[in-house]
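S.K.: This is work_38.pdb, which holds PDB, C-alpha atoms, pLDDT in the B column:
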ATOM      1  CA  MET A  11     172.243 161.202 115.136  1.00 47.00           C
ATOM      2  CA  SER A  12     172.592 160.194 111.490  1.00 57.00           C
ATOM      3  CA  ALA A  13     170.579 157.495 109.762  1.00 69.00           C
ATOM      4  CA  GLN A  14     172.240 154.262 108.843  1.00 95.00           C
ATOM      5  CA  TYR A  15     172.227 153.221 105.201  1.00 96.00           C
ATOM      6  CA  LYS A  16     172.794 149.931 103.490  1.00 97.00           C
ATOM      7  CA  LEU A  17     173.429 149.029  99.877  1.00 97.00           C
ATOM      8  CA  ILE A  18     170.950 146.432  98.695  1.00 97.00           C
ATOM      9  CA  THR A  19     170.692 144.580  95.418  1.00 98.00           C
ATOM     10  CA  CYS A  20     167.533 142.911  94.239  1.00 98.00           C
ATOM     11  CA  ASN A  21     165.728 141.971  91.053  1.00 98.00           C
ATOM     12  CA  ILE A  22     162.798 144.298  90.350  1.00 98.00           C
ATOM     13  CA  ASN A  23     160.504 143.397  87.474  1.00 98.00           C
ATOM     14  CA  GLY A  24     163.210 141.318  85.829  1.00 97.00           C
ATOM     15  CA  HIS A  25     166.040 143.840  86.210  1.00 98.00           C
ATOM     16  CA  GLU A  26     168.912 143.702  88.680  1.00 98.00           C
ATOM     17  CA  ARG A  27     168.864 146.903  90.749  1.00 98.00           C
ATOM     18  CA  SER A  28     171.086 148.300  93.499  1.00 98.00           C
ATOM     19  CA  THR A  29     170.417 151.260  95.747  1.00 98.00           C
ATOM     20  CA  MET A  30     171.308 152.726  99.114  1.00 97.00           C
ATOM     21  CA  VAL A  31     168.439 152.618 101.579  1.00 97.00           C
ATOM     22  CA  ASP A  32     167.864 153.899 105.057  1.00 96.00           C
ATOM     23  CA  VAL A  33     167.644 150.768 107.208  1.00 97.00           C
ATOM     24  CA  ARG A  34     164.324 152.087 108.570  1.00 96.00           C
ATOM     25  CA  ALA A  35     162.733 152.626 105.130  1.00 97.00           C
ATOM     26  CA  SER A  36     159.845 150.525 103.921  1.00 98.00           C
ATOM     27  CA  LEU A  37     159.935 148.637 100.653  1.00 98.00           C
ATOM     28  CA  THR A  38     157.086 150.916  99.503  1.00 98.00           C
ATOM     29  CA  ASP A  39     159.291 153.960  99.945  1.00 98.00           C
ATOM     30  CA  MET A  40     162.230 152.348  98.172  1.00 98.00           C
ATOM     31  CA  LEU A  41     160.157 151.230  95.183  1.00 98.00           C
ATOM     32  CA  ARG A  42     158.405 154.585  94.816  1.00 98.00           C
ATOM     33  CA  ASP A  43     161.221 156.981  95.716  1.00 97.00           C
ATOM     34  CA  ASN A  44     164.279 155.181  94.371  1.00 98.00           C
ATOM     35  CA  PHE A  45     162.760 153.518  91.299  1.00 98.00           C
ATOM     36  CA  GLY A  46     159.651 155.554  90.452  1.00 98.00           C
ATOM     37  CA  LEU A  47     157.317 152.560  90.642  1.00 98.00           C
ATOM     38  CA  THR A  48     154.132 154.424  91.461  1.00 96.00           C
ATOM     39  CA  SER A  49     151.798 151.447  91.099  1.00 97.00           C
ATOM     40  CA  VAL A  50     152.932 150.633  94.637  1.00 98.00           C
ATOM     41  CA  LYS A  51     150.451 152.831  96.491  1.00 97.00           C
ATOM     42  CA  LYS A  52     150.865 154.429  99.881  1.00 96.00           C
ATOM     43  CA  GLY A  53     147.569 153.726 101.587  1.00 94.00           C
ATOM     44  CA  CYS A  54     147.225 152.894 105.261  1.00 94.00           C
ATOM     45  CA  GLU A  55     150.975 152.295 105.806  1.00 95.00           C
ATOM     46  CA  VAL A  56     150.167 149.695 108.486  1.00 96.00           C
ATOM     47  CA  GLY A  57     149.523 146.624 106.313  1.00 95.00           C
ATOM     48  CA  GLU A  58     145.725 146.658 106.364  1.00 95.00           C
ATOM     49  CA  CYS A  59     144.540 147.973 102.976  1.00 96.00           C
ATOM     50  CA  GLY A  60     146.693 146.020 100.484  1.00 96.00           C
ATOM     51  CA  ALA A  61     147.249 148.975  98.142  1.00 96.00           C
ATOM     52  CA  CYS A  62     151.028 148.541  98.412  1.00 98.00           C
ATOM     53  CA  ALA A  63     151.071 144.823  97.565  1.00 98.00           C
ATOM     54  CA  VAL A  64     154.033 143.409  95.664  1.00 98.00           C
ATOM     55  CA  ILE A  65     155.122 139.873  94.851  1.00 98.00           C
ATOM     56  CA  ILE A  66     158.386 138.853  96.505  1.00 98.00           C
ATOM     57  CA  ASP A  67     159.843 135.502  95.480  1.00 98.00           C
ATOM     58  CA  GLY A  68     156.386 134.279  94.463  1.00 96.00           C
ATOM     59  CA  GLU A  69     154.466 135.426  97.548  1.00 97.00           C
ATOM     60  CA  CYS A  70     152.361 138.552  97.965  1.00 97.00           C
ATOM     61  CA  PHE A  71     153.399 141.016 100.673  1.00 98.00           C
ATOM     62  CA  ASN A  72     152.269 144.441 101.858  1.00 98.00           C
ATOM     63  CA  SER A  73     155.369 146.460 101.081  1.00 98.00           C
ATOM     64  CA  CYS A  74     154.519 149.156 103.637  1.00 98.00           C
ATOM     65  CA  ILE A  75     155.383 146.794 106.495  1.00 98.00           C
ATOM     66  CA  TYR A  76     158.280 145.087 104.708  1.00 98.00           C
ATOM     67  CA  LEU A  77     161.611 146.790 105.292  1.00 98.00           C
ATOM     68  CA  ALA A  78     163.576 147.678 102.178  1.00 98.00           C
ATOM     69  CA  VAL A  79     166.700 145.993 103.597  1.00 98.00           C
ATOM     70  CA  TRP A  80     164.803 142.687 103.705  1.00 98.00           C
ATOM     71  CA  ALA A  81     164.526 142.886  99.901  1.00 98.00           C
ATOM     72  CA  ASP A  82     168.263 142.326  99.463  1.00 98.00           C
ATOM     73  CA  GLY A  83     168.702 139.374  97.097  1.00 98.00           C
ATOM     74  CA  LYS A  84     164.966 139.009  96.446  1.00 98.00           C
ATOM     75  CA  ASN A  85     162.924 138.949  93.239  1.00 98.00           C
ATOM     76  CA  ILE A  86     160.229 141.623  93.370  1.00 98.00           C
ATOM     77  CA  THR A  87     157.337 142.111  90.967  1.00 98.00           C
ATOM     78  CA  THR A  88     155.175 145.218  90.891  1.00 98.00           C
ATOM     79  CA  LEU A  89     152.242 145.912  88.591  1.00 97.00           C
ATOM     80  CA  GLU A  90     154.672 147.403  86.077  1.00 97.00           C
ATOM     81  CA  GLY A  91     156.368 143.996  85.870  1.00 97.00           C
ATOM     82  CA  LEU A  92     153.244 142.116  84.773  1.00 97.00           C
ATOM     83  CA  SER A  93     153.007 143.836  81.391  1.00 95.00           C
ATOM     84  CA  ALA A  94     155.054 142.642  78.439  1.00 94.00           C
ATOM     85  CA  PRO A  95     158.075 144.766  77.429  1.00 92.00           C
ATOM     86  CA  ASP A  96     156.016 146.247  74.571  1.00 95.00           C
ATOM     87  CA  GLY A  97     153.329 147.358  77.039  1.00 93.00           C
ATOM     88  CA  THR A  98     150.856 144.577  76.277  1.00 96.00           C
ATOM     89  CA  LEU A  99     148.773 143.926  79.372  1.00 97.00           C
ATOM     90  CA  SER A 100     148.821 140.548  81.099  1.00 97.00           C
ATOM     91  CA  ASP A 101     145.650 138.459  81.147  1.00 97.00           C
ATOM     92  CA  ILE A 102     144.764 139.560  84.679  1.00 98.00           C
ATOM     93  CA  GLN A 103     145.291 143.236  83.835  1.00 97.00           C
ATOM     94  CA  ARG A 104     143.084 142.880  80.722  1.00 97.00           C
ATOM     95  CA  ALA A 105     140.376 141.101  82.718  1.00 97.00           C
ATOM     96  CA  PHE A 106     140.242 143.927  85.257  1.00 96.00           C
ATOM     97  CA  ALA A 107     139.692 146.398  82.404  1.00 95.00           C
ATOM     98  CA  GLU A 108     137.184 144.192  80.572  1.00 96.00           C
ATOM     99  CA  GLU A 109     135.130 143.481  83.704  1.00 95.00           C
ATOM    100  CA  THR A 110     135.216 147.115  84.848  1.00 93.00           C
ATOM    101  CA  ALA A 111     136.991 146.007  88.014  1.00 93.00           C
ATOM    102  CA  VAL A 112     138.527 149.453  88.350  1.00 90.00           C
ATOM    103  CA  GLN A 113     136.734 152.482  89.648  1.00 88.00           C
ATOM    104  CA  CYS A 114     139.051 155.064  91.169  1.00 90.00           C
ATOM    105  CA  GLY A 115     141.940 152.621  90.563  1.00 90.00           C
ATOM    106  CA  PHE A 116     143.807 153.173  93.822  1.00 94.00           C
ATOM    107  CA  CYS A 117     143.357 149.597  95.059  1.00 94.00           C
ATOM    108  CA  THR A 118     143.699 147.990  91.633  1.00 96.00           C
ATOM    109  CA  PRO A 119     147.462 147.249  91.594  1.00 97.00           C
ATOM    110  CA  GLY A 120     147.259 145.441  94.929  1.00 97.00           C
ATOM    111  CA  PHE A 121     144.248 143.388  93.894  1.00 97.00           C
ATOM    112  CA  ILE A 122     145.855 142.453  90.573  1.00 98.00           C
ATOM    113  CA  LEU A 123     149.109 141.351  92.203  1.00 98.00           C
ATOM    114  CA  GLU A 124     147.273 139.345  94.878  1.00 97.00           C
ATOM    115  CA  ALA A 125     145.150 137.684  92.190  1.00 97.00           C
ATOM    116  CA  GLU A 126     148.228 136.921  90.080  1.00 97.00           C
ATOM    117  CA  CYS A 127     149.957 135.378  93.069  1.00 95.00           C
ATOM    118  CA  CYS A 128     146.922 133.274  94.050  1.00 94.00           C
ATOM    119  CA  LEU A 129     146.271 132.082  90.512  1.00 95.00           C
ATOM    120  CA  SER A 130     149.929 131.213  89.921  1.00 93.00           C
ATOM    121  CA  HIS A 131     149.739 128.823  92.890  1.00 87.00           C
ATOM    122  CA  LEU A 132     146.542 127.167  91.679  1.00 87.00           C
ATOM    123  CA  GLU A 133     146.955 123.429  91.418  1.00 84.00           C
ATOM    124  CA  LYS A 134     146.423 121.936  87.977  1.00 80.00           C
ATOM    125  CA  GLY A 135     142.772 120.982  87.470  1.00 78.00           C
ATOM    126  CA  LYS A 136     141.523 122.841  90.562  1.00 90.00           C
ATOM    127  CA  LEU A 137     139.306 125.898  90.529  1.00 95.00           C
ATOM    128  CA  TYR A 138     138.751 128.081  93.569  1.00 96.00           C
ATOM    129  CA  THR A 139     135.198 128.655  94.735  1.00 96.00           C
ATOM    130  CA  ASP A 140     133.908 132.205  95.005  1.00 96.00           C
ATOM    131  CA  ASP A 141     134.216 131.960  98.786  1.00 97.00           C
ATOM    132  CA  GLU A 142     137.858 130.854  98.477  1.00 96.00           C
ATOM    133  CA  LEU A 143     138.582 133.731  96.082  1.00 96.00           C
ATOM    134  CA  ARG A 144     136.914 136.214  98.444  1.00 95.00           C
ATOM    135  CA  LYS A 145     139.031 134.934 101.335  1.00 96.00           C
ATOM    136  CA  MET A 146     142.243 135.195  99.283  1.00 94.00           C
ATOM    137  CA  LEU A 147     141.443 138.780  98.294  1.00 95.00           C
ATOM    138  CA  SER A 148     140.170 139.785 101.742  1.00 94.00           C
ATOM    139  CA  GLY A 149     143.396 141.592 102.672  1.00 93.00           C
ATOM    140  CA  HIS A 150     142.593 144.319 100.156  1.00 94.00           C
ATOM    141  CA  LEU A 151     140.182 147.178 100.614  1.00 93.00           C
ATOM    142  CA  CYS A 152     138.233 148.882  97.836  1.00 91.00           C
ATOM    143  CA  ARG A 153     136.631 152.137  98.916  1.00 88.00           C
ATOM    144  CA  CYS A 154     134.550 152.267  95.727  1.00 88.00           C
ATOM    145  CA  THR A 155     132.977 148.840  96.453  1.00 78.00           C
ATOM    146  CA  GLY A 156     134.000 147.227  93.194  1.00 78.00           C
ATOM    147  CA  TYR A 157     134.310 143.822  94.806  1.00 92.00           C
ATOM    148  CA  ASP A 158     131.835 141.995  92.534  1.00 94.00           C
ATOM    149  CA  ASN A 159     133.620 143.156  89.383  1.00 95.00           C
ATOM    150  CA  ILE A 160     137.006 142.318  90.904  1.00 96.00           C
ATOM    151  CA  LEU A 161     135.819 138.821  91.787  1.00 96.00           C
ATOM    152  CA  ARG A 162     134.386 138.389  88.273  1.00 97.00           C
ATOM    153  CA  ALA A 163     137.713 139.433  86.689  1.00 97.00           C
ATOM    154  CA  VAL A 164     139.750 137.031  88.831  1.00 97.00           C
ATOM    155  CA  ARG A 165     137.299 134.179  88.204  1.00 97.00           C
ATOM    156  CA  LYS A 166     137.441 134.857  84.429  1.00 97.00           C
ATOM    157  CA  VAL A 167     141.248 134.550  84.353  1.00 97.00           C
ATOM    158  CA  MET A 168     141.217 131.498  86.625  1.00 97.00           C
ATOM    159  CA  ILE A 169     138.830 129.670  84.281  1.00 96.00           C
ATOM    160  CA  ALA A 170     140.727 130.761  81.147  1.00 95.00           C
ATOM    161  CA  ARG A 171     144.026 129.568  82.568  1.00 94.00           C
ATOM    162  CA  ALA A 172     142.507 126.236  83.657  1.00 92.00           C
ATOM    163  CA  GLU A 173     141.076 125.695  80.170  1.00 91.00           C
ATOM    164  CA  ALA A 174     144.441 126.525  78.574  1.00 88.00           C
ATOM    165  CA  LYS A 175     146.296 123.841  80.559  1.00 75.00           C
TER     166      LYS A 175
END
Would you encode the structure as structure tokens?
M.R.:
Amino acid sequence: MSAQYKLITCNINGHERSTMVDVRASLTDMLRDNFGLTSVKKGCEVGECGACAVIIDGECFNSCIYLAVWADGKNITTLEGLSAPDGTLSDIQRAFAEETAVQCGFCTPGFILEAECCLSHLEKGKLYTDDELRKMLSGHLCRCTGYDNILRAVRKVMIARAEAK
């Protein structure tokens, strides 16, 4: 029995892309195998660790449990898409480096994308409490226990963005 394939077209990190995918393939597999986007990590592959997080049409999703065919017509952002074209890091990426919110680095892309998504939805003039930030980031696991530094990095960017408005 042969696999069924479908041509999908989506916008990945600001570029229109088309590819044939097995209808059973995960978005993680498509992004890594078809486009070489290795910031999308293969962790638990059951949607529990958050290492494979991507932003799809403004919302964060675990790409390991999101079928590639569902991405047809969608706008997808991976960690590679947060940096400027010249390689300059985004504010959230810089904050993770400055606050030493990376240890082994495996979970870092997922945390950064979740933080970016949460902070982009922040209402003008509102700041999340530490408990609210912890809850928003709770779908991501860090085996190196860098949670305090991660929280500090996200809080730093949240405050900077609020002050800039």
S.K.: Kindly provide the residues of region 99-161 of chain A that approach region 63-77 of chain A to within 10 Å, each paired with its closest atom pair and their distance in Å to one decimal, based on only C-alpha atoms, listed by chain and increasing number, as a Markdown table.
M.R.:
| residue | atom | partner | partner_atom | distance |
| --- | --- | --- | --- | --- |
| A:Cys117 | CA | A:Ala63 | CA | 9.4 |
| A:Thr118 | CA | A:Ala63 | CA | 10.0 |
| A:Pro119 | CA | A:Ala63 | CA | 7.4 |
| A:Gly120 | CA | A:Ala63 | CA | 4.7 |
| A:Phe121 | CA | A:Ala63 | CA | 7.9 |
| A:Ile122 | CA | A:Ala63 | CA | 9.0 |
| A:Leu123 | CA | A:Val64 | CA | 6.4 |
| A:Glu124 | CA | A:Cys70 | CA | 6.0 |
| A:Ala125 | CA | A:Cys70 | CA | 9.3 |
| A:Glu126 | CA | A:Ile65 | CA | 8.9 |
| A:Cys127 | CA | A:Cys70 | CA | 6.3 |
| A:Cys128 | CA | A:Cys70 | CA | 8.5 |
| A:Ser130 | CA | A:Gly68 | CA | 8.5 |
| A:His131 | CA | A:Gly68 | CA | 8.7 |
| A:Gly149 | CA | A:Asn72 | CA | 9.4 |
| A:His150 | CA | A:Ala63 | CA | 8.9 |
S.K.: To one decimal place in Å, what is the distance between CA of Asp39 (chain A) and CA of Arg27 (chain A)?
M.R.: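 So the answer is 15.0 Å.
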S.K.: A:Met168, A:Ile22, A:Leu41, A:Cys154: which is nearest Gly115 (chain A), counting all atoms listed in the file?
M.R.: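 The shortest atom-to-atom distance to Gly115 (chain A) comes from A:Cys154.
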S.K.: Evaluate the PyMOL selection byres ((chain A and resi 16) around 8) against this structure - the residues, as a list in words, please.
M.R.: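 So the PyMOL selection byres ((chain A and resi 16) around 8) ends up selecting Gln14, Tyr15, Leu17, Ile18, Met30, Val31, Asp32, Val33 and Val79 of chain A.
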S.K.: Counting all atoms listed in the file, figure out which residue out of A:Leu99, A:Ala163, A:Val112, A:Leu92 gets nearest to Asp140 (chain A).
M.R.: A:Ala163
S.K.: Between A:Tyr138, A:Phe116, A:Phe106, A:Phe45, which one has atoms that come closest to Glu90 (chain A), using all atoms listed in the file?
M.R.: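 Smallest distance to Glu90 (chain A) is found for A:Phe45.
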S.K.: Kindly resolve the PyMOL selection byres ((chain A and resi 171) around 12) on the present coordinates and return the residues as a PyMOL selection string.
M.R.: chain A and resi 101-102+126+129-137+164-170+172-175
S.K.: Of the residues A:Thr139, A:Thr87, A:Ser49, A:Ser148, which is the one nearest to Glu26 (chain A), using all atoms listed in the file?
M.R.: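 Between A:Thr139, A:Thr87, A:Ser49, A:Ser148, the residue approaching Glu26 (chain A) most closely is A:Thr87.
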S.K.: Convert the output of the PyMOL selection byres ((chain A and resi 21) around 8) on the shown file into explicit residues, formatted as a short mmCIF file (atom, residue, chain, number, x, y, z; two decimals) with C-alpha atoms, keeping the file's coordinate frame.
M.R.:
data_model
loop_
_atom_site.label_atom_id
_atom_site.label_comp_id
_atom_site.auth_asym_id
_atom_site.auth_seq_id
_atom_site.Cartn_x
_atom_site.Cartn_y
_atom_site.Cartn_z
CA THR A 19 170.69 144.58 95.42
CA CYS A 20 167.53 142.91 94.24
CA ILE A 22 162.80 144.30 90.35
CA ASN A 23 160.50 143.40 87.47
CA GLY A 24 163.21 141.32 85.83
CA HIS A 25 166.04 143.84 86.21
CA GLU A 26 168.91 143.70 88.68
CA ARG A 27 168.86 146.90 90.75
CA GLY A 83 168.70 139.37 97.10
CA LYS A 84 164.97 139.01 96.45
CA ASN A 85 162.92 138.95 93.24
CA ILE A 86 160.23 141.62 93.37
#
S.K.: Point out the residue among A:Lys145, A:Arg153, A:Arg162, A:Lys51 with the least atom-to-atom distance to Leu89 (chain A), counting only C-alpha atoms.
M.R.: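 Of A:Lys145, A:Arg153, A:Arg162, A:Lys51, the one nearest Leu89 (chain A) is A:Lys51, counting only C-alpha atoms.
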S.K.: Compare A:Gly91, A:Leu161, A:Ala35, A:Cys59 by their minimum atom-to-atom distance to Leu47 (chain A), counting only C-alpha atoms, and give me the closest one.
M.R.: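 Under the stated criterion, the closest residue is A:Gly91.
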S.K.: To one decimal in Å, tell me the separation between CA of Met40 (chain A) and CA of Glu58 (chain A).
M.R.: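 Taking CA of Met40 (chain A) as the start and CA of Glu58 (chain A) as the end point, the length is 19.3 Å.
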S.K.: For the atom pair CA of Cys62 (chain A) and CA of Thr38 (chain A), what is the interatomic distance in Å to one decimal place?
M.R.: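 For CA of Cys62 (chain A) relative to CA of Thr38 (chain A), the distance reads 6.6 Å.
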